[in-house]
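All remarks here apply to the structure that follows.
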Amino acid sequence: RGGGAQIGIDEGHGPAAADQQHLDRRLGGGVLAAAMHEAWGPGAPALAAILAGRAGGPVVWVRDRDGAAEIFGDTLNMLGFSADRIIRVDAPKRDVLWAFEQALRSGAARAAVAETAMAPDFTESRRLQLAARDGGALGLLLPPEPRGAAAASAAETRWRALPAAAAAPWEAPAFRLELLKNKKGSIGAWDMVWNAATHRFDLAAELRDGSDRAA
């Protein structure tokens with residue numbers, strides 16, 4: 001299940017789209033569905049909700065029962081993700097990664113998200129990557145910014161997601177997405193604006209520094 005399917009992020013629209021390679025092209029067509037991806041930063045839960053929403057079907061969302069912020073239905077709906085699709089698992093901190101792995105491997109969900117205060121080491125991340133592949137599920141791990149042993153990872157992609165203030169409070173939310181690792185090729189950084197009508201990102205601008213370096 002899942003195979004080589006990919007999940008698109010952006011439409012390639014916006015003022016910078018005409019003269020540059022937009023995000024989905026950089027990813028070879030989109031985020032690989034049957035794989036594990038990592039994201040951190042204040043915008044990481046929103047990015048995970050957007051990608052999980054595009055995966056379709058039920059989504060297992062694993063949280064540290066003592067430390068994760070509440071998930072608000074109104075915010076999820078704005079991001080194109082119906083809250084009634086979530087199967088929420090509140091686990092002890094030491095069991096979050098284990099529960100995430102079981103959800104990925106089970107084949108029962110199209111996507112699984114894990115908010116954890118404990119970043120996996122390379123061996124653990126490799127196991128999660130294999131679980132996502134075997135279960136055909138999109139895995140989205142939201143750890144703290146990795147340091148030390150956790151700096152090495154088997155994740156398909158790694159992201160830093162930062163919210164950017166919109167020009168006015170009634171405008172669509174904006175994000176800076178930094179692609180820090182990409183097994184399919186180069187990395188980069190983009191300013192994106194969420195399009196509530198299409199439930200995709202529109203490109204605001206690409207940051208040129210480091211955008212063509214290989215991961």
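Here, A, B, ... name the chains of the structure tokens in the order displayed, residue numbers run from 1 inside each chain, and ligands are numbered from 1 in the same displayed order.
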
Out of segment 57-143 of chain A, which residues get alpha helix (DSSP H) from DSSP, as a PyMOL selection string?
-> chain A and resi 73-78+96-106+122-135

Within 8 Å of Leu142 of chain A using only C-alpha atoms, minus same-chain residues under 2 positions, as number ranges by chain = A: 38-40, 44-45, 113-116, 140, 144

Mind dumping the selected residues with C-alpha atoms as a tab-separated table (two decimals), in the first residue's frame?
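The resulting out_33.tsv:
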chain	number	residue	atom	x	y	z
A	38	GLU	CA	10.50	15.10	10.42
A	39	ALA	CA	9.55	18.69	11.13
A	40	TRP	CA	10.25	21.01	14.01
A	44	ALA	CA	5.45	22.08	12.55
A	45	PRO	CA	2.02	20.96	13.87
A	113	VAL	CA	1.71	12.13	13.44
A	114	ALA	CA	3.78	12.06	16.63
A	115	GLU	CA	4.55	15.04	18.85
A	116	THR	CA	7.48	14.05	21.04
A	140	LEU	CA	5.19	12.90	10.38
A	144	PRO	CA	12.47	19.09	19.32

Using only C-alpha atoms: which of A:Ala174, A:Ile9, A:Val62, A:Leu104 has the shortest distance to Arg26 of chain A | A:Ile9

Mind the document's chain letters and residue numbers, and return as an mmCIF file with N, CA and C atoms, in the first residue's frame the residues of segment 2-195 of chain A that DSSP labels strand (DSSP E).
data_model
loop_
_atom_site.group_PDB
_atom_site.id
_atom_site.type_symbol
_atom_site.label_atom_id
_atom_site.label_comp_id
_atom_site.auth_asym_id
_atom_site.auth_seq_id
_atom_site.Cartn_x
_atom_site.Cartn_y
_atom_site.Cartn_z
ATOM 1 N N GLN A 6 2.863 10.279 -3.962
ATOM 2 C CA GLN A 6 3.383 11.510 -3.388
ATOM 3 C C GLN A 6 2.243 12.464 -3.076
ATOM 4 N N ILE A 7 2.483 13.341 -2.117
ATOM 5 C CA ILE A 7 1.486 14.302 -1.669
ATOM 6 C C ILE A 7 2.004 15.692 -1.982
ATOM 7 N N VAL A 31 5.735 15.241 -1.404
ATOM 8 C CA VAL A 31 6.245 14.476 -0.267
ATOM 9 C C VAL A 31 5.902 13.002 -0.447
ATOM 10 N N LEU A 32 6.873 12.118 -0.314
ATOM 11 C CA LEU A 32 6.640 10.691 -0.470
ATOM 12 C C LEU A 32 5.683 10.207 0.614
ATOM 13 N N MET A 36 8.719 8.272 6.357
ATOM 14 C CA MET A 36 8.701 9.076 7.565
ATOM 15 C C MET A 36 9.432 10.390 7.317
ATOM 16 N N HIS A 37 8.824 11.475 7.741
ATOM 17 C CA HIS A 37 9.375 12.818 7.589
ATOM 18 C C HIS A 37 9.434 13.480 8.962
ATOM 19 N N GLU A 38 10.373 14.388 9.149
ATOM 20 C CA GLU A 38 10.502 15.097 10.421
ATOM 21 C C GLU A 38 10.311 16.590 10.198
ATOM 22 N N ALA A 39 9.704 17.237 11.167
ATOM 23 C CA ALA A 39 9.550 18.693 11.126
ATOM 24 C C ALA A 39 9.594 19.234 12.548
ATOM 25 N N TRP A 40 10.253 20.360 12.705
ATOM 26 C CA TRP A 40 10.247 21.011 14.006
ATOM 27 C C TRP A 40 10.086 22.504 13.825
ATOM 28 N N VAL A 59 -6.323 9.400 10.542
ATOM 29 C CA VAL A 59 -4.973 9.816 10.924
ATOM 30 C C VAL A 59 -4.792 9.552 12.411
ATOM 31 N N VAL A 60 -3.767 8.794 12.757
ATOM 32 C CA VAL A 60 -3.421 8.588 14.166
ATOM 33 C C VAL A 60 -2.495 9.726 14.593
ATOM 34 N N TRP A 61 -2.894 10.427 15.652
ATOM 35 C CA TRP A 61 -2.092 11.558 16.145
ATOM 36 C C TRP A 61 -1.645 11.212 17.558
ATOM 37 N N VAL A 62 -0.352 10.908 17.715
ATOM 38 C CA VAL A 62 0.197 10.486 19.002
ATOM 39 C C VAL A 62 0.819 11.688 19.695
ATOM 40 N N ARG A 63 0.472 11.856 20.979
ATOM 41 C CA ARG A 63 0.931 13.019 21.723
ATOM 42 C C ARG A 63 1.470 12.594 23.079
ATOM 43 N N ASP A 64 2.443 13.330 23.562
ATOM 44 C CA ASP A 64 2.898 13.175 24.949
ATOM 45 C C ASP A 64 1.769 13.682 25.838
ATOM 46 N N ILE A 86 -9.264 12.313 13.171
ATOM 47 C CA ILE A 86 -8.153 12.034 14.070
ATOM 48 C C ILE A 86 -8.498 10.906 15.041
ATOM 49 N N ILE A 87 -7.586 9.954 15.125
ATOM 50 C CA ILE A 87 -7.591 8.973 16.209
ATOM 51 C C ILE A 87 -6.480 9.416 17.159
ATOM 52 N N ARG A 88 -6.852 9.999 18.277
ATOM 53 C CA ARG A 88 -5.864 10.607 19.159
ATOM 54 C C ARG A 88 -5.366 9.587 20.174
ATOM 55 N N VAL A 89 -4.049 9.530 20.318
ATOM 56 C CA VAL A 89 -3.421 8.643 21.281
ATOM 57 C C VAL A 89 -2.575 9.495 22.214
ATOM 58 N N ASP A 90 -2.944 9.545 23.480
ATOM 59 C CA ASP A 90 -2.165 10.260 24.490
ATOM 60 C C ASP A 90 -1.325 9.238 25.246
ATOM 61 N N ALA A 91 -0.017 9.293 25.051
ATOM 62 C CA ALA A 91 0.878 8.270 25.591
ATOM 63 C C ALA A 91 1.869 8.884 26.573
ATOM 64 N N ALA A 111 -2.081 8.052 7.556
ATOM 65 C CA ALA A 111 -1.016 8.904 8.069
ATOM 66 C C ALA A 111 -0.973 8.797 9.583
ATOM 67 N N ALA A 112 0.215 9.038 10.138
ATOM 68 C CA ALA A 112 0.380 9.102 11.583
ATOM 69 C C ALA A 112 1.293 10.270 11.912
ATOM 70 N N VAL A 113 0.942 10.984 12.971
ATOM 71 C CA VAL A 113 1.712 12.130 13.441
ATOM 72 C C VAL A 113 2.133 11.846 14.876
ATOM 73 N N ALA A 114 3.339 12.219 15.250
ATOM 74 C CA ALA A 114 3.785 12.061 16.630
ATOM 75 C C ALA A 114 4.449 13.343 17.107
ATOM 76 N N GLU A 115 3.924 13.912 18.177
ATOM 77 C CA GLU A 115 4.553 15.043 18.854
ATOM 78 C C GLU A 115 5.339 14.475 20.027
ATOM 79 N N LEU A 138 1.965 7.655 5.653
ATOM 80 C CA LEU A 138 2.743 8.891 5.772
ATOM 81 C C LEU A 138 3.056 9.109 7.243
ATOM 82 N N GLY A 139 4.334 9.153 7.580
ATOM 83 C CA GLY A 139 4.745 9.396 8.957
ATOM 84 C C GLY A 139 5.282 10.805 9.120
ATOM 85 N N LEU A 140 4.782 11.518 10.124
ATOM 86 C CA LEU A 140 5.190 12.899 10.385
ATOM 87 C C LEU A 140 5.607 12.996 11.847
ATOM 88 N N LEU A 141 6.898 13.059 12.073
ATOM 89 C CA LEU A 141 7.446 13.115 13.425
ATOM 90 C C LEU A 141 7.794 14.554 13.760
ATOM 91 N N LEU A 142 7.306 15.029 14.912
ATOM 92 C CA LEU A 142 7.520 16.412 15.342
ATOM 93 C C LEU A 142 8.336 16.402 16.632
ATOM 94 N N THR A 157 12.596 13.332 4.512
ATOM 95 C CA THR A 157 12.843 14.776 4.491
ATOM 96 C C THR A 157 12.836 15.292 5.921
ATOM 97 N N ARG A 158 13.509 16.441 6.117
ATOM 98 C CA ARG A 158 13.481 17.133 7.406
ATOM 99 C C ARG A 158 13.177 18.596 7.122
ATOM 100 N N TRP A 159 12.319 19.176 7.975
ATOM 101 C CA TRP A 159 11.831 20.533 7.771
ATOM 102 C C TRP A 159 11.950 21.355 9.042
ATOM 103 N N ARG A 160 12.146 22.651 8.860
ATOM 104 C CA ARG A 160 11.900 23.626 9.917
ATOM 105 C C ARG A 160 10.737 24.486 9.449
ATOM 106 N N ALA A 161 9.697 24.588 10.259
ATOM 107 C CA ALA A 161 8.486 25.315 9.867
ATOM 108 C C ALA A 161 8.263 26.468 10.832
ATOM 109 N N LEU A 162 8.300 27.670 10.295
ATOM 110 C CA LEU A 162 8.167 28.870 11.111
ATOM 111 C C LEU A 162 6.960 29.680 10.642
ATOM 112 N N PRO A 163 6.054 30.044 11.543
ATOM 113 C CA PRO A 163 4.948 30.885 11.120
ATOM 114 C C PRO A 163 5.448 32.290 10.816
ATOM 115 N N ALA A 164 4.907 32.889 9.762
ATOM 116 C CA ALA A 164 5.245 34.269 9.397
ATOM 117 C C ALA A 164 3.980 35.108 9.512
ATOM 118 N N ALA A 174 0.632 32.489 6.953
ATOM 119 C CA ALA A 174 1.842 32.392 6.138
ATOM 120 C C ALA A 174 2.907 31.632 6.920
ATOM 121 N N PHE A 175 3.774 30.944 6.182
ATOM 122 C CA PHE A 175 4.808 30.125 6.799
ATOM 123 C C PHE A 175 6.121 30.311 6.056
ATOM 124 N N ARG A 176 7.219 30.124 6.757
ATOM 125 C CA ARG A 176 8.511 29.924 6.125
ATOM 126 C C ARG A 176 8.860 28.451 6.293
ATOM 127 N N LEU A 177 8.968 27.750 5.188
ATOM 128 C CA LEU A 177 9.297 26.331 5.203
ATOM 129 C C LEU A 177 10.737 26.153 4.749
ATOM 130 N N GLU A 178 11.553 25.568 5.599
ATOM 131 C CA GLU A 178 12.955 25.312 5.284
ATOM 132 C C GLU A 178 13.138 23.807 5.133
ATOM 133 N N LEU A 179 13.485 23.380 3.946
ATOM 134 C CA LEU A 179 13.752 21.978 3.656
ATOM 135 C C LEU A 179 15.226 21.724 3.952
ATOM 136 N N LEU A 180 15.495 21.024 5.050
ATOM 137 C CA LEU A 180 16.857 20.851 5.538
ATOM 138 C C LEU A 180 17.502 19.558 5.063
ATOM 139 N N LYS A 181 16.682 18.586 4.718
ATOM 140 C CA LYS A 181 17.175 17.314 4.183
ATOM 141 C C LYS A 181 16.183 16.826 3.153
ATOM 142 N N ASN A 182 16.684 16.309 2.049
ATOM 143 C CA ASN A 182 15.824 15.837 0.969
ATOM 144 C C ASN A 182 16.550 14.716 0.246
ATOM 145 N N GLY A 188 16.248 23.840 0.363
ATOM 146 C CA GLY A 188 15.910 25.230 0.101
ATOM 147 C C GLY A 188 15.002 25.786 1.172
ATOM 148 N N ALA A 189 14.538 27.003 0.965
ATOM 149 C CA ALA A 189 13.630 27.666 1.900
ATOM 150 C C ALA A 189 12.646 28.504 1.106
ATOM 151 N N TRP A 190 11.405 28.487 1.551
ATOM 152 C CA TRP A 190 10.328 29.156 0.832
ATOM 153 C C TRP A 190 9.418 29.904 1.791
ATOM 154 N N ASP A 191 8.950 31.051 1.362
ATOM 155 C CA ASP A 191 7.876 31.754 2.061
ATOM 156 C C ASP A 191 6.567 31.366 1.384
ATOM 157 N N MET A 192 5.640 30.808 2.167
ATOM 158 C CA MET A 192 4.408 30.263 1.617
ATOM 159 C C MET A 192 3.197 30.900 2.300
ATOM 160 N N VAL A 193 2.120 31.035 1.550
ATOM 161 C CA VAL A 193 0.857 31.536 2.090
ATOM 162 C C VAL A 193 -0.198 30.455 1.894
ATOM 163 N N TRP A 194 -0.908 30.098 2.943
ATOM 164 C CA TRP A 194 -1.912 29.051 2.863
ATOM 165 C C TRP A 194 -3.149 29.553 2.123
ATOM 166 N N ASN A 195 -3.574 28.793 1.115
ATOM 167 C CA ASN A 195 -4.747 29.147 0.312
ATOM 168 C C ASN A 195 -5.920 28.304 0.811
#

Residue neighbourhood Ala5 of chain A, 12 Å, only C-alpha atoms, exclusion window fewer than 2 positions, as an mmCIF file with C-alpha atoms, in the first residue's frame:
data_model
loop_
_atom_site.group_PDB
_atom_site.id
_atom_site.type_symbol
_atom_site.label_atom_id
_atom_site.label_comp_id
_atom_site.auth_asym_id
_atom_site.auth_seq_id
_atom_site.Cartn_x
_atom_site.Cartn_y
_atom_site.Cartn_z
ATOM 1 C CA ARG A 1 0.000 0.000 0.000
ATOM 2 C CA GLY A 2 1.245 3.538 -0.665
ATOM 3 C CA GLY A 3 3.996 2.558 -3.142
ATOM 4 C CA ILE A 7 1.486 14.302 -1.669
ATOM 5 C CA GLY A 8 1.699 17.763 -3.214
ATOM 6 C CA GLY A 28 10.291 15.266 -7.269
ATOM 7 C CA GLY A 29 6.520 15.732 -7.339
ATOM 8 C CA GLY A 30 5.660 16.045 -3.665
ATOM 9 C CA VAL A 31 6.245 14.476 -0.267
ATOM 10 C CA LEU A 32 6.640 10.691 -0.470
ATOM 11 C CA ALA A 33 3.542 9.145 1.130
ATOM 12 C CA ALA A 34 4.920 5.812 2.401
ATOM 13 C CA ALA A 35 7.820 7.328 4.327
ATOM 14 C CA ARG A 54 -3.950 15.611 2.089
ATOM 15 C CA ALA A 55 -3.167 11.939 2.719
ATOM 16 C CA ARG A 110 -3.162 6.653 5.887
ATOM 17 C CA ARG A 133 7.255 1.968 4.198
ATOM 18 C CA GLY A 136 2.190 2.338 3.423
ATOM 19 C CA ALA A 137 1.575 5.281 5.743
ATOM 20 C CA LEU A 138 2.743 8.891 5.772
#

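Residue nearest Glu145 of chain A within the list A:Glu101, A:Gly56, A:Leu23, A:Gly41: A:Gly41 [criterion: smallest interatomic distance, only C-alpha atoms].
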
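Residue nearest Ala103 of chain A within the list A:Ala119, A:Leu128, A:Ala83, A:Ala152: A:Leu128 [criterion: smallest interatomic distance, only C-alpha atoms].
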
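You will find atom CA of Arg147 of chain A at 9.7 Å from atom CA of Asp121 of chain A.
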
Mind checking which residues fall within 10 Å of Asp84 of chain A, counting only C-alpha atoms, ignoring those fewer than 6 positions away in the same chain, and posting them as an MDAnalysis selection string?
-> chainID A and resid 58:59 73 76:77
